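Colleague: Data: upload03.cif, mmCIF, C-alpha atoms and all ligand atoms.
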data_entry
loop_
_atom_site.group_PDB
_atom_site.id
_atom_site.type_symbol
_atom_site.label_atom_id
_atom_site.label_comp_id
_atom_site.auth_asym_id
_atom_site.auth_seq_id
_atom_site.Cartn_x
_atom_site.Cartn_y
_atom_site.Cartn_z
ATOM 1 C CA LEU A 1127 44.866 90.497 41.292
ATOM 2 C CA PHE A 1128 48.227 88.940 40.576
ATOM 3 C CA ARG A 1129 50.874 86.496 41.664
ATOM 4 C CA GLY A 1130 54.401 87.898 41.958
ATOM 5 C CA VAL A 1131 57.324 87.056 39.689
ATOM 6 C CA GLU A 1132 57.592 83.549 41.208
ATOM 7 C CA ILE A 1133 55.619 81.229 38.961
ATOM 8 C CA GLU A 1134 52.845 79.172 40.479
ATOM 9 C CA GLN A 1135 52.929 75.412 39.770
ATOM 10 C CA ALA A 1136 49.889 73.654 38.320
ATOM 11 C CA PRO A 1137 48.988 70.938 40.863
ATOM 12 C CA MET A 1138 48.824 67.303 39.681
ATOM 13 C CA GLU A 1139 45.050 67.037 40.139
ATOM 14 C CA GLN A 1140 44.634 69.753 37.465
ATOM 15 C CA GLU A 1141 45.791 67.376 34.729
ATOM 16 C CA ASP A 1142 42.515 67.488 32.822
ATOM 17 C CA LEU A 1143 42.510 71.297 32.745
ATOM 18 C CA ILE A 1144 44.216 73.319 30.007
ATOM 19 C CA VAL A 1145 47.143 75.057 31.705
ATOM 20 C CA VAL A 1146 47.645 78.620 30.467
ATOM 21 C CA GLY A 1147 50.545 80.789 31.589
ATOM 22 C CA VAL A 1148 49.728 84.475 31.192
ATOM 23 C CA SER A 1149 52.413 87.133 31.435
ATOM 24 C CA GLN A 1150 50.607 90.433 31.977
ATOM 25 C CA LEU A 1151 52.911 93.404 31.483
ATOM 26 C CA GLY A 1152 51.835 95.287 34.590
ATOM 27 C CA SER A 1153 49.063 97.028 36.474
ATOM 28 C CA GLU A 1154 49.834 100.573 35.391
ATOM 29 C CA SER A 1155 46.342 101.717 34.399
ATOM 30 C CA GLY A 1156 42.593 101.305 34.851
ATOM 31 C CA TRP A 1157 42.567 99.853 31.344
ATOM 32 C CA ARG A 1158 45.114 97.230 32.365
ATOM 33 C CA SER A 1159 43.000 96.140 35.368
ATOM 34 C CA ALA A 1160 40.033 95.672 33.014
ATOM 35 C CA HIS A 1161 42.215 93.707 30.590
ATOM 36 C CA THR A 1162 43.446 91.383 33.359
ATOM 37 C CA LEU A 1163 39.936 90.888 34.693
ATOM 38 C CA SER A 1164 38.666 89.997 31.241
ATOM 39 C CA ILE A 1165 41.318 87.240 31.032
ATOM 40 C CA GLN A 1166 40.464 85.951 34.521
ATOM 41 C CA ASP A 1167 36.751 85.951 33.690
ATOM 42 C CA ALA A 1168 37.295 83.927 30.513
ATOM 43 C CA LEU A 1169 39.938 81.398 31.607
ATOM 44 C CA THR A 1170 38.133 79.920 34.622
ATOM 45 C CA LYS A 1171 38.215 76.393 36.044
ATOM 46 C CA ASP A 1172 34.568 76.010 35.031
ATOM 47 C CA ALA A 1173 35.575 76.756 31.460
ATOM 48 C CA GLY A 1174 38.304 74.084 31.713
ATOM 49 C CA TYR A 1175 41.398 76.165 32.434
ATOM 50 C CA PHE A 1176 44.126 76.338 35.030
ATOM 51 C CA LEU A 1177 45.343 79.919 34.822
ATOM 52 C CA ILE A 1178 48.773 81.012 35.995
ATOM 53 C CA LEU A 1179 48.889 84.795 35.935
ATOM 54 C CA ASN A 1180 52.094 86.741 36.353
ATOM 55 C CA ASN A 1181 52.510 90.509 36.705
ATOM 56 C CA ALA A 1182 55.735 91.811 35.118
ATOM 57 C CA ARG A 1183 55.430 95.270 36.665
ATOM 58 C CA GLN A 1184 56.245 96.986 33.353
ATOM 59 C CA MET A 1185 59.644 95.248 33.093
ATOM 60 C CA GLN A 1186 60.609 93.209 30.060
ATOM 61 C CA GLU A 1187 63.109 91.110 32.021
ATOM 62 C CA ASN A 1188 60.276 89.999 34.326
ATOM 63 C CA GLN A 1189 58.218 88.941 31.315
ATOM 64 C CA ILE A 1190 61.113 86.953 29.856
ATOM 65 C CA LYS A 1191 61.639 85.266 33.237
ATOM 66 C CA ALA A 1192 57.928 84.444 33.496
ATOM 67 C CA ILE A 1193 57.807 82.985 29.966
ATOM 68 C CA ARG A 1194 60.881 80.860 30.701
ATOM 69 C CA GLY A 1195 59.132 79.671 33.858
ATOM 70 C CA PHE A 1196 56.062 78.690 31.819
ATOM 71 C CA ILE A 1197 58.259 76.794 29.361
ATOM 72 C CA SER A 1198 60.080 74.875 32.076
ATOM 73 C CA GLN A 1199 56.818 73.782 33.680
ATOM 74 C CA ARG A 1200 55.445 72.816 30.284
ATOM 75 C CA VAL A 1201 52.200 74.787 30.279
ATOM 76 C CA ASP A 1202 49.813 74.049 27.383
ATOM 77 C CA TYR A 1203 49.659 77.669 26.147
ATOM 78 C CA ILE A 1204 51.577 80.867 26.770
ATOM 79 C CA VAL A 1205 49.640 84.120 26.540
ATOM 80 C CA PHE A 1206 51.457 87.414 26.902
ATOM 81 C CA ALA A 1207 50.984 91.153 26.592
ATOM 82 C CA PRO A 1208 54.439 92.498 25.668
ATOM 83 C CA VAL A 1209 55.474 95.709 27.408
ATOM 84 C CA ILE A 1210 57.477 96.890 24.357
ATOM 85 C CA GLU A 1211 57.753 95.537 20.818
ATOM 86 C CA SER A 1212 61.445 94.653 20.533
ATOM 87 C CA GLY A 1213 63.628 92.020 22.169
ATOM 88 C CA TRP A 1214 61.475 88.879 22.094
ATOM 89 C CA GLU A 1215 63.126 86.691 19.435
ATOM 90 C CA THR A 1216 65.173 84.512 21.782
ATOM 91 C CA VAL A 1217 62.510 83.684 24.339
ATOM 92 C CA LEU A 1218 59.861 83.124 21.654
ATOM 93 C CA ARG A 1219 62.200 80.720 19.886
ATOM 94 C CA GLU A 1220 62.614 78.847 23.175
ATOM 95 C CA ALA A 1221 58.815 78.534 23.396
ATOM 96 C CA LYS A 1222 58.621 77.381 19.782
ATOM 97 C CA ASP A 1223 61.355 74.777 20.333
ATOM 98 C CA ALA A 1224 59.355 73.528 23.323
ATOM 99 C CA GLU A 1225 56.296 73.336 21.008
ATOM 100 C CA ILE A 1226 54.168 75.583 23.229
ATOM 101 C CA PRO A 1227 51.767 77.792 21.230
ATOM 102 C CA VAL A 1228 52.121 81.496 22.052
ATOM 103 C CA ILE A 1229 49.149 83.858 21.893
ATOM 104 C CA ILE A 1230 50.118 87.529 21.957
ATOM 105 C CA ILE A 1231 47.554 89.948 23.334
ATOM 106 C CA ASP A 1232 47.059 93.726 23.452
ATOM 107 C CA ARG A 1233 50.436 95.007 22.219
ATOM 108 C CA MET A 1234 52.522 93.493 19.406
ATOM 109 C CA VAL A 1235 56.039 92.080 19.101
ATOM 110 C CA ASP A 1236 58.490 93.115 16.415
ATOM 111 C CA VAL A 1237 60.016 89.839 15.202
ATOM 112 C CA ARG A 1238 61.337 88.840 11.783
ATOM 113 C CA ASP A 1239 59.953 85.322 11.990
ATOM 114 C CA GLU A 1240 56.166 85.393 12.411
ATOM 115 C CA SER A 1241 56.091 81.659 13.073
ATOM 116 C CA LEU A 1242 57.422 82.454 16.560
ATOM 117 C CA TYR A 1243 53.848 83.110 17.702
ATOM 118 C CA THR A 1244 50.534 81.507 16.829
ATOM 119 C CA THR A 1245 48.256 84.527 16.781
ATOM 120 C CA TRP A 1246 47.773 88.078 18.064
ATOM 121 C CA ILE A 1247 44.666 89.677 19.557
ATOM 122 C CA GLY A 1248 44.714 93.428 19.995
ATOM 123 C CA THR A 1249 43.666 96.868 18.874
ATOM 124 C CA ASP A 1250 44.584 99.023 15.876
ATOM 125 C CA THR A 1251 46.592 101.641 17.742
ATOM 126 C CA LYS A 1252 47.682 103.513 14.618
ATOM 127 C CA GLU A 1253 44.041 103.884 13.629
ATOM 128 C CA GLU A 1254 43.324 105.129 17.177
ATOM 129 C CA GLY A 1255 45.936 107.877 16.663
ATOM 130 C CA LYS A 1256 44.416 108.765 13.302
ATOM 131 C CA LYS A 1257 40.951 108.951 14.846
ATOM 132 C CA ALA A 1258 42.315 111.505 17.330
ATOM 133 C CA GLY A 1259 43.792 113.555 14.486
ATOM 134 C CA ARG A 1260 40.635 113.387 12.384
ATOM 135 C CA TRP A 1261 38.502 114.401 15.374
ATOM 136 C CA LEU A 1262 40.775 117.416 15.919
ATOM 137 C CA GLU A 1263 40.440 118.443 12.264
ATOM 138 C CA ARG A 1264 36.625 118.377 12.536
ATOM 139 C CA TYR A 1265 36.625 120.119 15.917
ATOM 140 C CA LEU A 1266 38.841 123.004 14.768
ATOM 141 C CA ARG A 1267 36.675 123.452 11.673
ATOM 142 C CA LYS A 1268 33.535 123.498 13.818
ATOM 143 C CA MET A 1269 35.079 126.090 16.151
ATOM 144 C CA GLY A 1270 36.137 128.292 13.208
ATOM 145 C CA ARG A 1271 39.802 127.762 14.166
ATOM 146 C CA ALA A 1272 40.927 125.596 11.250
ATOM 147 C CA SER A 1273 43.469 128.139 10.000
ATOM 148 C CA GLU A 1274 44.673 129.374 13.419
ATOM 149 C CA GLU A 1275 48.131 128.455 14.749
ATOM 150 C CA ILE A 1276 47.516 125.489 17.075
ATOM 151 C CA ASN A 1277 49.991 124.400 19.765
ATOM 152 C CA ILE A 1278 49.901 120.760 20.762
ATOM 153 C CA VAL A 1279 51.611 118.772 23.511
ATOM 154 C CA VAL A 1280 51.583 114.989 23.583
ATOM 155 C CA LEU A 1281 51.800 112.759 26.647
ATOM 156 C CA GLN A 1282 53.058 109.485 25.258
ATOM 157 C CA GLY A 1283 52.728 106.032 26.779
ATOM 158 C CA THR A 1284 55.618 103.655 27.449
ATOM 159 C CA LEU A 1285 58.151 104.353 24.699
ATOM 160 C CA GLY A 1286 58.525 101.474 22.264
ATOM 161 C CA SER A 1287 55.166 99.936 23.182
ATOM 162 C CA THR A 1288 52.653 99.297 20.413
ATOM 163 C CA ALA A 1289 50.126 101.654 21.991
ATOM 164 C CA GLU A 1290 52.672 104.488 22.061
ATOM 165 C CA LEU A 1291 54.165 103.785 18.621
ATOM 166 C CA GLY A 1292 50.794 103.396 16.890
ATOM 167 C CA ARG A 1293 49.054 106.364 18.492
ATOM 168 C CA THR A 1294 52.060 108.644 17.931
ATOM 169 C CA LYS A 1295 52.409 107.579 14.285
ATOM 170 C CA GLY A 1296 48.684 107.746 13.536
ATOM 171 C CA PHE A 1297 48.244 111.217 15.046
ATOM 172 C CA CYS A 1298 51.425 112.567 13.404
ATOM 173 C CA GLU A 1299 50.272 111.317 9.992
ATOM 174 C CA ILE A 1300 47.185 113.535 10.250
ATOM 175 C CA ALA A 1301 49.147 116.432 11.811
ATOM 176 C CA GLU A 1302 51.486 116.430 8.804
ATOM 177 C CA TYR A 1303 48.648 117.704 6.616
ATOM 178 C CA HIS A 1304 48.377 120.843 8.760
ATOM 179 C CA ASP A 1305 51.207 123.369 8.652
ATOM 180 C CA ASN A 1306 49.465 125.354 11.398
ATOM 181 C CA TRP A 1307 49.548 122.438 13.907
ATOM 182 C CA HIS A 1308 52.692 122.698 16.005
ATOM 183 C CA ILE A 1309 53.689 119.763 18.192
ATOM 184 C CA LEU A 1310 55.626 121.616 20.881
ATOM 185 C CA GLU A 1311 56.653 118.536 22.808
ATOM 186 C CA GLN A 1312 56.037 114.790 22.970
ATOM 187 C CA ARG A 1313 57.075 113.157 26.249
ATOM 188 C CA THR A 1314 56.381 109.890 27.942
ATOM 189 C CA GLY A 1315 54.255 109.611 31.068
ATOM 190 C CA ASP A 1316 54.594 105.794 30.994
ATOM 191 C CA PHE A 1317 50.800 105.316 30.957
ATOM 192 C CA THR A 1318 50.503 106.230 34.677
ATOM 193 C CA ALA A 1319 48.598 109.055 36.370
ATOM 194 C CA THR A 1320 51.567 110.025 38.543
ATOM 195 C CA ARG A 1321 53.992 110.424 35.648
ATOM 196 C CA GLY A 1322 51.288 112.066 33.520
ATOM 197 C CA LYS A 1323 50.832 114.710 36.188
ATOM 198 C CA GLU A 1324 54.568 115.317 36.630
ATOM 199 C CA VAL A 1325 55.240 115.636 32.904
ATOM 200 C CA MET A 1326 52.191 117.867 32.336
ATOM 201 C CA TRP A 1327 53.343 120.129 35.153
ATOM 202 C CA ASP A 1328 56.679 120.489 33.447
ATOM 203 C CA MET A 1329 55.165 121.109 30.009
ATOM 204 C CA LEU A 1330 52.870 123.803 31.449
ATOM 205 C CA ARG A 1331 55.919 125.456 32.961
ATOM 206 C CA ARG A 1332 57.790 125.378 29.643
ATOM 207 C CA HIS A 1333 54.991 126.412 27.253
ATOM 208 C CA GLU A 1334 52.654 129.318 27.876
ATOM 209 C CA ASP A 1335 50.092 128.760 25.168
ATOM 210 C CA ILE A 1336 49.128 125.113 24.885
ATOM 211 C CA ASP A 1337 45.914 124.681 22.864
ATOM 212 C CA ILE A 1338 45.661 120.909 22.699
ATOM 213 C CA LEU A 1339 46.693 118.062 24.987
ATOM 214 C CA VAL A 1340 46.883 114.653 23.354
ATOM 215 C CA SER A 1341 47.257 112.139 26.172
ATOM 216 C CA GLN A 1342 47.762 108.535 25.125
ATOM 217 C CA ASN A 1343 45.765 107.039 27.996
ATOM 218 C CA ASP A 1344 43.102 107.999 30.516
ATOM 219 C CA ASP A 1345 45.312 107.583 33.574
ATOM 220 C CA MET A 1346 47.840 110.115 32.275
ATOM 221 C CA THR A 1347 44.938 112.384 31.292
ATOM 222 C CA MET A 1348 43.622 112.331 34.850
ATOM 223 C CA GLY A 1349 47.101 113.182 36.136
ATOM 224 C CA ALA A 1350 47.397 115.986 33.567
ATOM 225 C CA ILE A 1351 43.986 117.363 34.576
ATOM 226 C CA GLU A 1352 45.170 117.550 38.173
ATOM 227 C CA ALA A 1353 48.276 119.420 37.012
ATOM 228 C CA MET A 1354 46.178 121.912 35.017
ATOM 229 C CA GLN A 1355 43.825 122.424 37.975
ATOM 230 C CA GLU A 1356 46.744 123.097 40.296
ATOM 231 C CA ALA A 1357 48.327 125.453 37.756
ATOM 232 C CA GLY A 1358 45.034 127.332 37.301
ATOM 233 C CA ILE A 1359 44.790 126.463 33.593
ATOM 234 C CA SER A 1360 41.282 125.917 32.217
ATOM 235 C CA PHE A 1361 40.649 122.883 30.025
ATOM 236 C CA GLY A 1362 37.965 120.846 28.285
ATOM 237 C CA GLU A 1363 34.809 122.052 26.601
ATOM 238 C CA TYR A 1364 34.970 125.667 27.764
ATOM 239 C CA GLY A 1365 38.657 125.883 28.635
ATOM 240 C CA ALA A 1366 41.900 126.966 27.048
ATOM 241 C CA VAL A 1367 43.301 123.459 26.589
ATOM 242 C CA THR A 1368 41.309 120.954 24.524
ATOM 243 C CA VAL A 1369 41.797 117.443 25.916
ATOM 244 C CA ILE A 1370 42.087 114.349 23.709
ATOM 245 C CA SER A 1371 42.397 111.056 25.570
ATOM 246 C CA PHE A 1372 42.580 107.320 24.804
ATOM 247 C CA ASP A 1373 41.104 104.166 26.423
ATOM 248 C CA ALA A 1374 37.574 105.229 27.451
ATOM 249 C CA ILE A 1375 37.412 103.619 30.904
ATOM 250 C CA TYR A 1376 34.301 104.481 32.918
ATOM 251 C CA ASP A 1377 35.925 107.171 35.098
ATOM 252 C CA ALA A 1378 37.149 108.976 32.001
ATOM 253 C CA LEU A 1379 33.752 108.715 30.310
ATOM 254 C CA GLU A 1380 32.354 110.529 33.364
ATOM 255 C CA LEU A 1381 34.792 113.337 32.547
ATOM 256 C CA VAL A 1382 33.717 113.310 28.897
ATOM 257 C CA LYS A 1383 30.135 113.699 30.102
ATOM 258 C CA LYS A 1384 31.210 116.633 32.305
ATOM 259 C CA GLY A 1385 33.022 118.243 29.370
ATOM 260 C CA TRP A 1386 36.465 117.961 31.028
ATOM 261 C CA ILE A 1387 37.742 115.578 28.349
ATOM 262 C CA ASN A 1388 36.666 116.679 24.838
ATOM 263 C CA VAL A 1389 37.054 113.302 23.170
ATOM 264 C CA ASP A 1390 38.067 109.811 24.271
ATOM 265 C CA ILE A 1391 39.272 107.328 21.655
ATOM 266 C CA GLU A 1392 38.400 103.834 22.777
ATOM 267 C CA CYS A 1393 40.949 101.075 23.266
ATOM 268 C CA ASN A 1394 39.020 97.889 23.987
ATOM 269 C CA PRO A 1395 40.427 95.759 26.858
ATOM 270 C CA VAL A 1396 37.830 92.992 26.621
ATOM 271 C CA GLN A 1397 40.066 90.371 25.036
ATOM 272 C CA GLY A 1398 39.617 87.350 27.348
ATOM 273 C CA ALA A 1399 36.788 85.747 25.377
ATOM 274 C CA TYR A 1400 38.922 85.860 22.219
ATOM 275 C CA ILE A 1401 41.709 83.970 24.003
ATOM 276 C CA ASP A 1402 39.229 81.291 25.093
ATOM 277 C CA LYS A 1403 37.802 80.924 21.567
ATOM 278 C CA ILE A 1404 41.238 80.670 19.995
ATOM 279 C CA ILE A 1405 42.454 78.062 22.479
ATOM 280 C CA GLN A 1406 39.292 76.013 21.942
ATOM 281 C CA ARG A 1407 39.888 76.090 18.183
ATOM 282 C CA LEU A 1408 43.506 75.051 18.614
ATOM 283 C CA GLU A 1409 42.412 72.242 20.936
ATOM 284 C CA ARG A 1410 40.122 70.939 18.170
ATOM 285 C CA GLY A 1411 42.991 71.200 15.699
ATOM 286 C CA GLU A 1412 41.274 73.957 13.730
ATOM 287 C CA PRO A 1413 43.196 76.779 12.041
ATOM 288 C CA VAL A 1414 43.225 80.293 13.534
ATOM 289 C CA GLU A 1415 43.851 83.689 11.945
ATOM 290 C CA LYS A 1416 47.244 85.336 12.420
ATOM 291 C CA SER A 1417 45.608 88.411 13.955
ATOM 292 C CA TYR A 1418 42.316 89.500 15.520
ATOM 293 C CA VAL A 1419 41.493 93.190 15.928
ATOM 294 C CA VAL A 1420 38.818 94.104 18.476
ATOM 295 C CA GLU A 1421 36.131 96.729 17.786
ATOM 296 C CA GLU A 1422 36.447 100.303 19.060
ATOM 297 C CA ASN A 1423 34.495 103.540 19.285
ATOM 298 C CA VAL A 1424 35.004 107.303 19.753
ATOM 299 C CA PHE A 1425 33.251 109.072 22.647
ATOM 300 C CA THR A 1426 32.278 112.718 22.948
ATOM 301 C CA LYS A 1427 29.696 114.504 25.065
ATOM 302 C CA GLU A 1428 27.167 113.917 22.262
ATOM 303 C CA ASN A 1429 27.199 110.109 22.376
ATOM 304 C CA VAL A 1430 28.821 109.119 25.684
ATOM 305 C CA GLU A 1431 25.767 108.651 27.876
ATOM 306 C CA LYS A 1432 24.229 105.826 25.930
ATOM 307 C CA PHE A 1433 27.381 103.723 26.357
ATOM 308 C CA MET A 1434 27.958 104.354 30.052
ATOM 309 C CA ASP A 1435 25.342 101.975 31.472
ATOM 310 C CA ASP A 1436 26.999 98.963 29.895
ATOM 311 C CA ARG A 1437 30.550 99.943 30.750
ATOM 312 C CA THR A 1438 31.816 97.684 33.534
ATOM 313 C CA TYR A 1439 35.386 99.042 33.811
HETATM 314 O O1 LIG A 1501 48.352 98.747 25.430
HETATM 315 C C1 LIG A 1501 47.177 99.383 25.806
HETATM 316 C C2 LIG A 1501 47.495 100.557 26.651
HETATM 317 O O2 LIG A 1501 48.184 100.108 27.798
HETATM 318 C C3 LIG A 1501 46.312 101.329 27.197
HETATM 319 O O3 LIG A 1501 45.983 102.426 26.433
HETATM 320 C C4 LIG A 1501 46.882 101.832 28.471
HETATM 321 O O4 LIG A 1501 45.958 102.368 29.357
HETATM 322 C C5 LIG A 1501 47.624 100.677 28.965
HETATM 323 O O5 LIG A 1501 48.490 100.927 29.960
#
Could you take the file, read its structure, and then write that structure out as structure tokens?
Ligand code: AHR
Modeller:
Amino acid sequence: LFRGVEIEQAPMEQEDLIVVGVSQLGSESGWRSAHTLSIQDALTKDAGYFLILNNARQMQENQIKAIRGFISQRVDYIVFAPVIESGWETVLREAKDAEIPVIIIDRMVDVRDESLYTTWIGTDTKEEGKKAGRWLERYLRKMGRASEEINIVVLQGTLGSTAELGRTKGFCEIAEYHDNWHILEQRTGDFTATRGKEVMWDMLRRHEDIDILVSQNDDMTMGAIEAMQEAGISFGEYGAVTVISFDAIYDALELVKKGWINVDIECNPVQGAYIDKIIQRLERGEPVEKSYVVEENVFTKENVEKFMDDRTY
């Protein structure tokens, strides 16, 4: 799917194409593969683009190196999905000084000077966290458990990333209204199945009576499910541990349908077409918004089937 850290050069015969350097943060999850594919599908030669795609393997220094590479080869646009929010001021200023528009996708950057980027396309991760909390409120009411003591563990994504910060904050804001919700532990599984499994194993060892697992992406959820299976802990619709997940990739929706995941809060990876539209506007000299938020849904066993046919990732 990707080139390595070395940056590909746009050949001379591509002069009439719009050269776009994309720094993708990694390939850590099924969601990420869908996100990358959506960019590749939108920025094709037929659509007038020469795409240079770089995989940073979840390392900020690789992203900074890639962006510097794009600047030195004078690409027309830089598009990047930042692995974490902090630490981008210097390299973004270099891009601004070189007069290369920067389009930020998926996660956000935390910079004082908003003129350092042209626009951002992504998801409302804090709202995603709140949706998880609100679903849990309704679910506990429905199960007649609203006033029971409820023990929660949270598998967080990459610490300092927008998806982790937003989902943690959003869920905690709802949890604060409930004195009987106890967050026993919040630990990062770095958005990968392997780490999700390892951390879940450890949390199961440390806490006997977990009622709720909030897992900030589907890959970690799948790892955590494996851990619970191996530990002989029941989960999902009829089990001891209620499972709340995020992303809603196809494989996870299958598990929602089976009742293994109780609810999946969607994070929409289909952002490529937005990038194309924004670049086309900029090419025509038209103004663009400072941010674009993509639409998202919530999936449970009740509604999941009607969405599965159209889900391509
Ligand atoms: O930033 C989006 C998050 O990153 C997705 O939830 C996760 O799967 C990915 O790794």
Colleague: Return the single residue from A:Ala1258, A:Met1185, A:Leu1179, A:Leu1381 that is closest to Gln1150 in chain A, with distances computed using only C-alpha atoms.
Modeller: A:Leu1179
Colleague: Would you list the residues that come within 6 Å of ligand LIG 1501 (chain A)? Count all atoms listed in the file and give the answer as an MDAnalysis selection string.
Modeller: chainID A and resid 1154:1155 1157:1158 1232:1233 1289 1317 1343 1373
Colleague: What is the distance between CA of Leu1310 in chain A and CA of Ala1272 in chain A, in Å to one decimal?
Modeller: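 Distance reported for this atom pair: 18.0 Å.
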Colleague: Within 12 Å of Lys1257 in chain A, counting only C-alpha atoms, which residues show up once you throw out same-chain ones fewer than 2 positions away? Write them as a PDB file with C-alpha atoms, keeping the file's coordinate frame, please.
Modeller:
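Wrote it out as part.pdb, contents follow:
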ATOM      1  CA  ASP A1250      44.584  99.023  15.876  1.00  0.00           C
ATOM      2  CA  THR A1251      46.592 101.641  17.742  1.00  0.00           C
ATOM      3  CA  LYS A1252      47.682 103.513  14.618  1.00  0.00           C
ATOM      4  CA  GLU A1253      44.041 103.884  13.629  1.00  0.00           C
ATOM      5  CA  GLU A1254      43.324 105.129  17.177  1.00  0.00           C
ATOM      6  CA  GLY A1255      45.936 107.877  16.663  1.00  0.00           C
ATOM      7  CA  GLY A1259      43.792 113.555  14.486  1.00  0.00           C
ATOM      8  CA  ARG A1260      40.635 113.387  12.384  1.00  0.00           C
ATOM      9  CA  TRP A1261      38.502 114.401  15.374  1.00  0.00           C
ATOM     10  CA  LEU A1262      40.775 117.416  15.919  1.00  0.00           C
ATOM     11  CA  GLU A1263      40.440 118.443  12.264  1.00  0.00           C
ATOM     12  CA  ARG A1264      36.625 118.377  12.536  1.00  0.00           C
ATOM     13  CA  GLY A1292      50.794 103.396  16.890  1.00  0.00           C
ATOM     14  CA  ARG A1293      49.054 106.364  18.492  1.00  0.00           C
ATOM     15  CA  THR A1294      52.060 108.644  17.931  1.00  0.00           C
ATOM     16  CA  LYS A1295      52.409 107.579  14.285  1.00  0.00           C
ATOM     17  CA  GLY A1296      48.684 107.746  13.536  1.00  0.00           C
ATOM     18  CA  PHE A1297      48.244 111.217  15.046  1.00  0.00           C
ATOM     19  CA  CYS A1298      51.425 112.567  13.404  1.00  0.00           C
ATOM     20  CA  GLU A1299      50.272 111.317   9.992  1.00  0.00           C
ATOM     21  CA  ILE A1300      47.185 113.535  10.250  1.00  0.00           C
ATOM     22  CA  ALA A1301      49.147 116.432  11.811  1.00  0.00           C
ATOM     23  CA  VAL A1340      46.883 114.653  23.354  1.00  0.00           C
ATOM     24  CA  ILE A1370      42.087 114.349  23.709  1.00  0.00           C
ATOM     25  CA  SER A1371      42.397 111.056  25.570  1.00  0.00           C
ATOM     26  CA  PHE A1372      42.580 107.320  24.804  1.00  0.00           C
ATOM     27  CA  VAL A1389      37.054 113.302  23.170  1.00  0.00           C
ATOM     28  CA  ASP A1390      38.067 109.811  24.271  1.00  0.00           C
ATOM     29  CA  ILE A1391      39.272 107.328  21.655  1.00  0.00           C
ATOM     30  CA  GLU A1392      38.400 103.834  22.777  1.00  0.00           C
ATOM     31  CA  CYS A1393      40.949 101.075  23.266  1.00  0.00           C
ATOM     32  CA  GLU A1422      36.447 100.303  19.060  1.00  0.00           C
ATOM     33  CA  ASN A1423      34.495 103.540  19.285  1.00  0.00           C
ATOM     34  CA  VAL A1424      35.004 107.303  19.753  1.00  0.00           C
ATOM     35  CA  PHE A1425      33.251 109.072  22.647  1.00  0.00           C
TER      36      PHE A1425
END
Colleague: Could you spell out the hits of the PyMOL selection byres (((chain A and resi 1240-1242) around 10) and not hetatm) on the shown file, as a CSV table (one decimal) with C-alpha atoms, keeping the file's coordinate frame?
Modeller:
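For reference, selection.csv as written:
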chain,number,residue,atom,x,y,z
A,1214,TRP,CA,61.5,88.9,22.1
A,1215,GLU,CA,63.1,86.7,19.4
A,1216,THR,CA,65.2,84.5,21.8
A,1217,VAL,CA,62.5,83.7,24.3
A,1218,LEU,CA,59.9,83.1,21.7
A,1219,ARG,CA,62.2,80.7,19.9
A,1220,GLU,CA,62.6,78.8,23.2
A,1221,ALA,CA,58.8,78.5,23.4
A,1222,LYS,CA,58.6,77.4,19.8
A,1223,ASP,CA,61.4,74.8,20.3
A,1227,PRO,CA,51.8,77.8,21.2
A,1228,VAL,CA,52.1,81.5,22.1
A,1229,ILE,CA,49.1,83.9,21.9
A,1235,VAL,CA,56.0,92.1,19.1
A,1236,ASP,CA,58.5,93.1,16.4
A,1237,VAL,CA,60.0,89.8,15.2
A,1238,ARG,CA,61.3,88.8,11.8
A,1239,ASP,CA,60.0,85.3,12.0
A,1243,TYR,CA,53.8,83.1,17.7
A,1244,THR,CA,50.5,81.5,16.8
A,1245,THR,CA,48.3,84.5,16.8
A,1416,LYS,CA,47.2,85.3,12.4
Colleague: For the PyMOL selection byres (((chain A and resi 1230) around 6) and not hetatm), applied here, can you spell out every residue it catches as a ChimeraX atom specification?
Modeller: /A:1205-1207,1229,1231,1246
Colleague: What is the CA of Ala1173 in chain A to CA of Leu1143 in chain A distance in Å?
Modeller: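 Separation of CA of Ala1173 in chain A and CA of Leu1143 in chain A: 8.9 Å.
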Colleague: Exactly which residues make up the result of the PyMOL selection byres (((chain A and resi 1193-1199) around 10) and not hetatm) on this file, given as a ChimeraX atom specification?
Modeller: /A:1131-1136,1145-1149,1178,1180,1187-1192,1200-1206,1217-1218,1220-1226,1228
Colleague: I want to know what sits within 8 Å of range 1401-1409 of chain A, based on only C-alpha atoms, with residues of the same chain fewer than 6 positions away left out; could you give that as a list in words?
Modeller: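 Everything that qualifies: Ile1165, Ala1168, Leu1169, Ile1229 and Ile1247 of chain A.
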Colleague: Take the residues that were just selected and, keeping C-alpha atoms, output them as an mmCIF file, in the coordinates of the input.
Modeller:
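And here's result-v1.cif as it stands now:
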data_model
loop_
_atom_site.group_PDB
_atom_site.id
_atom_site.type_symbol
_atom_site.label_atom_id
_atom_site.label_comp_id
_atom_site.auth_asym_id
_atom_site.auth_seq_id
_atom_site.Cartn_x
_atom_site.Cartn_y
_atom_site.Cartn_z
ATOM 1 C CA ILE A 1165 41.318 87.240 31.032
ATOM 2 C CA ALA A 1168 37.295 83.927 30.513
ATOM 3 C CA LEU A 1169 39.938 81.398 31.607
ATOM 4 C CA ILE A 1229 49.149 83.858 21.893
ATOM 5 C CA ILE A 1247 44.666 89.677 19.557
#
Colleague: What is the CA of Arg1267 in chain A-CA of Lys1383 in chain A distance in Å, reported with one decimal?
Modeller: 21.9 Å
